[in-house]
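Notes for the one structure printed next.
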Amino acid sequence: MTNIIEVANIQKRFKTKTVLTDVTLSVETGTIYALLGANGSGKTTLLKIITGLLDQDNGTVSISHLEVRQHQQEIQRLFSYSAQASTVDDVLTGHENLKLIAKLRHVSNPNQIAVDLLNEFKLSAAVNKRVATYSGGMRRRLDLAMSLVGDPEILFLDEPTTGLDPLSRNDLWETIRKLKKAGKTIFLTTQYLEEADLLADQIGFLKDGRIIETGTPAEMKQLAGPEKLILTFETEQLLHQATSQLVGFDLSPINDVSLSVKLPDTVQTVMDILSILQNAALKPVSFEVTAPTLDDVFMQLTKEV
Ligand SMILES: Nc1ncnc2c1ncn2[C@@H]1O[C@H](COP(=O)(O)OP(=O)(O)OP(=O)(O)O)[C@@H](O)[C@H]1O
């Protein structure tokens, strides 16, 4: 696998405000990279720098081994950029919007491209309707369709599902997955942990102008610690008895009748614990193994030190 995007030591300040301190990341060809960060953490600024819309103060960006600032024109053919604010024209229909972009990008047969993309993005029913009448989900789908005119290798999507209802969000996730299957490289920004978890091959966590953690969703979740076993007993007294039997395990009380146990080796530790409880005739009313979520990691990483 080769890296199609390489970002090294990017710094950016607006007047006296430093937004990006030192950002380094890379994206493998044909994968989805999710840049995760809170509001105002600098995601859009970084995206604009990577796509050459904004100049950095320091550091380098290359796409397909070409330095972005030196090769603006060659690079622009390789990617599309879907900004947070929709760029579709409200007074035009979906078909007209697509045809216009196709003409601007000098694509042959703009009419056919528009028809094909409207079909692909389930917008054919609205082909002759003005975009002003579209729902948020349809508008985002049209945005994405427009970004595919000219068949770019890389798609930059700035918060693609912000403001969408859960159904439209799911639809869009499905579309993004399909685009990856078709070989596209996708770089998206998001505030949604679930989105990063479900879509990304790699997540970069942006905070205080740096990527403070990076990894697969599974690796990121490991930062929040191992899985836990939640045990619930019928009475407080039974819980006390169980606690005194489970010496040497990493226990934390949850409430009067429940506790959690950290599981360094999930299956073995659960078997050991249940066997100890069985021998002591202490039957819990329920037990559940819980995996850490990206929410746990987010909480941990955004905690002020
Ligand atoms: N042109 C500008 N001039 C001055 N400050 C700016 C400019 N653009 C962005 N900023 C500031 O830089 C910081 C990062 O903004 P940016 O839009 O990159 O964050 P973000 O992570 O994309 O946030 P959001 O999720 O809210 O879109 C913010 O504090 C913002 O006010």
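Chain identifiers are assigned as A, B, and so on, following the order in which chains appear in the structure tokens; residues are numbered from 1 within each chain, and ligands are numbered from 1 in order of appearance.
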Give me, as a list in words, the set of residues whose atoms come within 9 Å of any atom of ligand 1, counting only C-alpha atoms and all ligand atoms. Arg13, Phe14, Lys15, Lys17, Thr18, Val19, Leu20, Leu36, Gly37, Ala38, Asn39, Gly40, Ser41, Gly42, Lys43, Thr44, Thr45, Leu46, Leu47, Lys48, Gln84, Asp158, Glu159, Thr189, Thr190, Gln191, Leu206 and Gly209 of chain A
Who sits within 10 Å of Tyr81 (chain A), only C-alpha atoms, same chain under 5 positions skipped, as a short mmCIF file (atom, residue, chain, number, x, y, z; two decimals) with C-alpha atoms, in the first residue's frame:
data_model
loop_
_atom_site.label_atom_id
_atom_site.label_comp_id
_atom_site.auth_asym_id
_atom_site.auth_seq_id
_atom_site.Cartn_x
_atom_site.Cartn_y
_atom_site.Cartn_z
CA LEU A 47 -8.69 20.39 4.99
CA LYS A 48 -8.33 23.71 3.20
CA THR A 51 -6.47 20.91 -0.78
CA LEU A 53 -7.30 26.49 -0.72
CA GLN A 76 -6.73 19.64 -8.71
CA ASP A 143 -23.21 17.45 -3.24
CA LEU A 144 -21.49 14.09 -3.20
CA MET A 146 -21.23 16.65 -7.87
CA SER A 147 -17.91 15.87 -6.26
CA LEU A 148 -17.71 12.73 -8.43
CA PRO A 152 -11.46 12.11 -9.02
CA ILE A 154 -9.64 11.38 -3.78
CA LEU A 155 -12.71 12.86 -2.11
CA PHE A 156 -12.37 15.40 0.68
CA LEU A 157 -15.62 15.63 2.63
CA ASP A 158 -15.99 18.26 5.33
CA PHE A 187 -10.63 11.97 3.68
CA LEU A 188 -13.47 13.20 5.84
#
Please list as a list in words every residue within 7 Å of Val297 (chain A), counting only C-alpha atoms and excluding residues in the same chain fewer than 2 positions away.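 That gives Met220, Lys221, Leu223, Ala224, Thr293, Leu294, Asp295, Met299, Gln300 and Leu301 of chain A.
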Just N, CA and C atoms for this one: save the residues we selected as a PDB file, in the first residue's frame.
ATOM      1  N   MET A 220      -8.013   2.638  18.563  1.00  0.00           N
ATOM      2  CA  MET A 220      -8.409   3.821  19.339  1.00  0.00           C
ATOM      3  C   MET A 220      -9.204   3.400  20.569  1.00  0.00           C
ATOM      4  N   LYS A 221     -10.078   2.392  20.374  1.00  0.00           N
ATOM      5  CA  LYS A 221     -10.901   1.956  21.509  1.00  0.00           C
ATOM      6  C   LYS A 221     -10.044   1.340  22.598  1.00  0.00           C
ATOM      7  N   LEU A 223      -7.408   2.396  23.635  1.00  0.00           N
ATOM      8  CA  LEU A 223      -6.876   3.464  24.493  1.00  0.00           C
ATOM      9  C   LEU A 223      -7.747   3.663  25.724  1.00  0.00           C
ATOM     10  N   ALA A 224      -9.023   3.307  25.584  1.00  0.00           N
ATOM     11  CA  ALA A 224      -9.939   3.495  26.714  1.00  0.00           C
ATOM     12  C   ALA A 224      -9.866   2.305  27.666  1.00  0.00           C
ATOM     13  N   THR A 293     -16.142   2.217  24.030  1.00  0.00           N
ATOM     14  CA  THR A 293     -16.597   2.857  22.797  1.00  0.00           C
ATOM     15  C   THR A 293     -15.659   4.016  22.482  1.00  0.00           C
ATOM     16  N   LEU A 294     -15.802   4.553  21.270  1.00  0.00           N
ATOM     17  CA  LEU A 294     -15.001   5.727  20.932  1.00  0.00           C
ATOM     18  C   LEU A 294     -15.363   6.901  21.836  1.00  0.00           C
ATOM     19  N   ASP A 295     -16.596   6.884  22.357  1.00  0.00           N
ATOM     20  CA  ASP A 295     -16.990   7.928  23.318  1.00  0.00           C
ATOM     21  C   ASP A 295     -16.053   7.935  24.523  1.00  0.00           C
ATOM     22  N   MET A 299     -13.715  11.006  25.567  1.00  0.00           N
ATOM     23  CA  MET A 299     -13.764  11.592  26.910  1.00  0.00           C
ATOM     24  C   MET A 299     -12.361  11.647  27.501  1.00  0.00           C
ATOM     25  N   GLN A 300     -11.642  10.532  27.315  1.00  0.00           N
ATOM     26  CA  GLN A 300     -10.301  10.450  27.887  1.00  0.00           C
ATOM     27  C   GLN A 300      -9.352  11.455  27.242  1.00  0.00           C
ATOM     28  N   LEU A 301      -9.443  11.545  25.893  1.00  0.00           N
ATOM     29  CA  LEU A 301      -8.509  12.402  25.169  1.00  0.00           C
ATOM     30  C   LEU A 301      -8.841  13.883  25.299  1.00  0.00           C
TER      31      LEU A 301
END
Provide the CA of Ala102 (chain A) to CA of Asp165 (chain A) distance in Å, to one decimal place. 29.2 Å
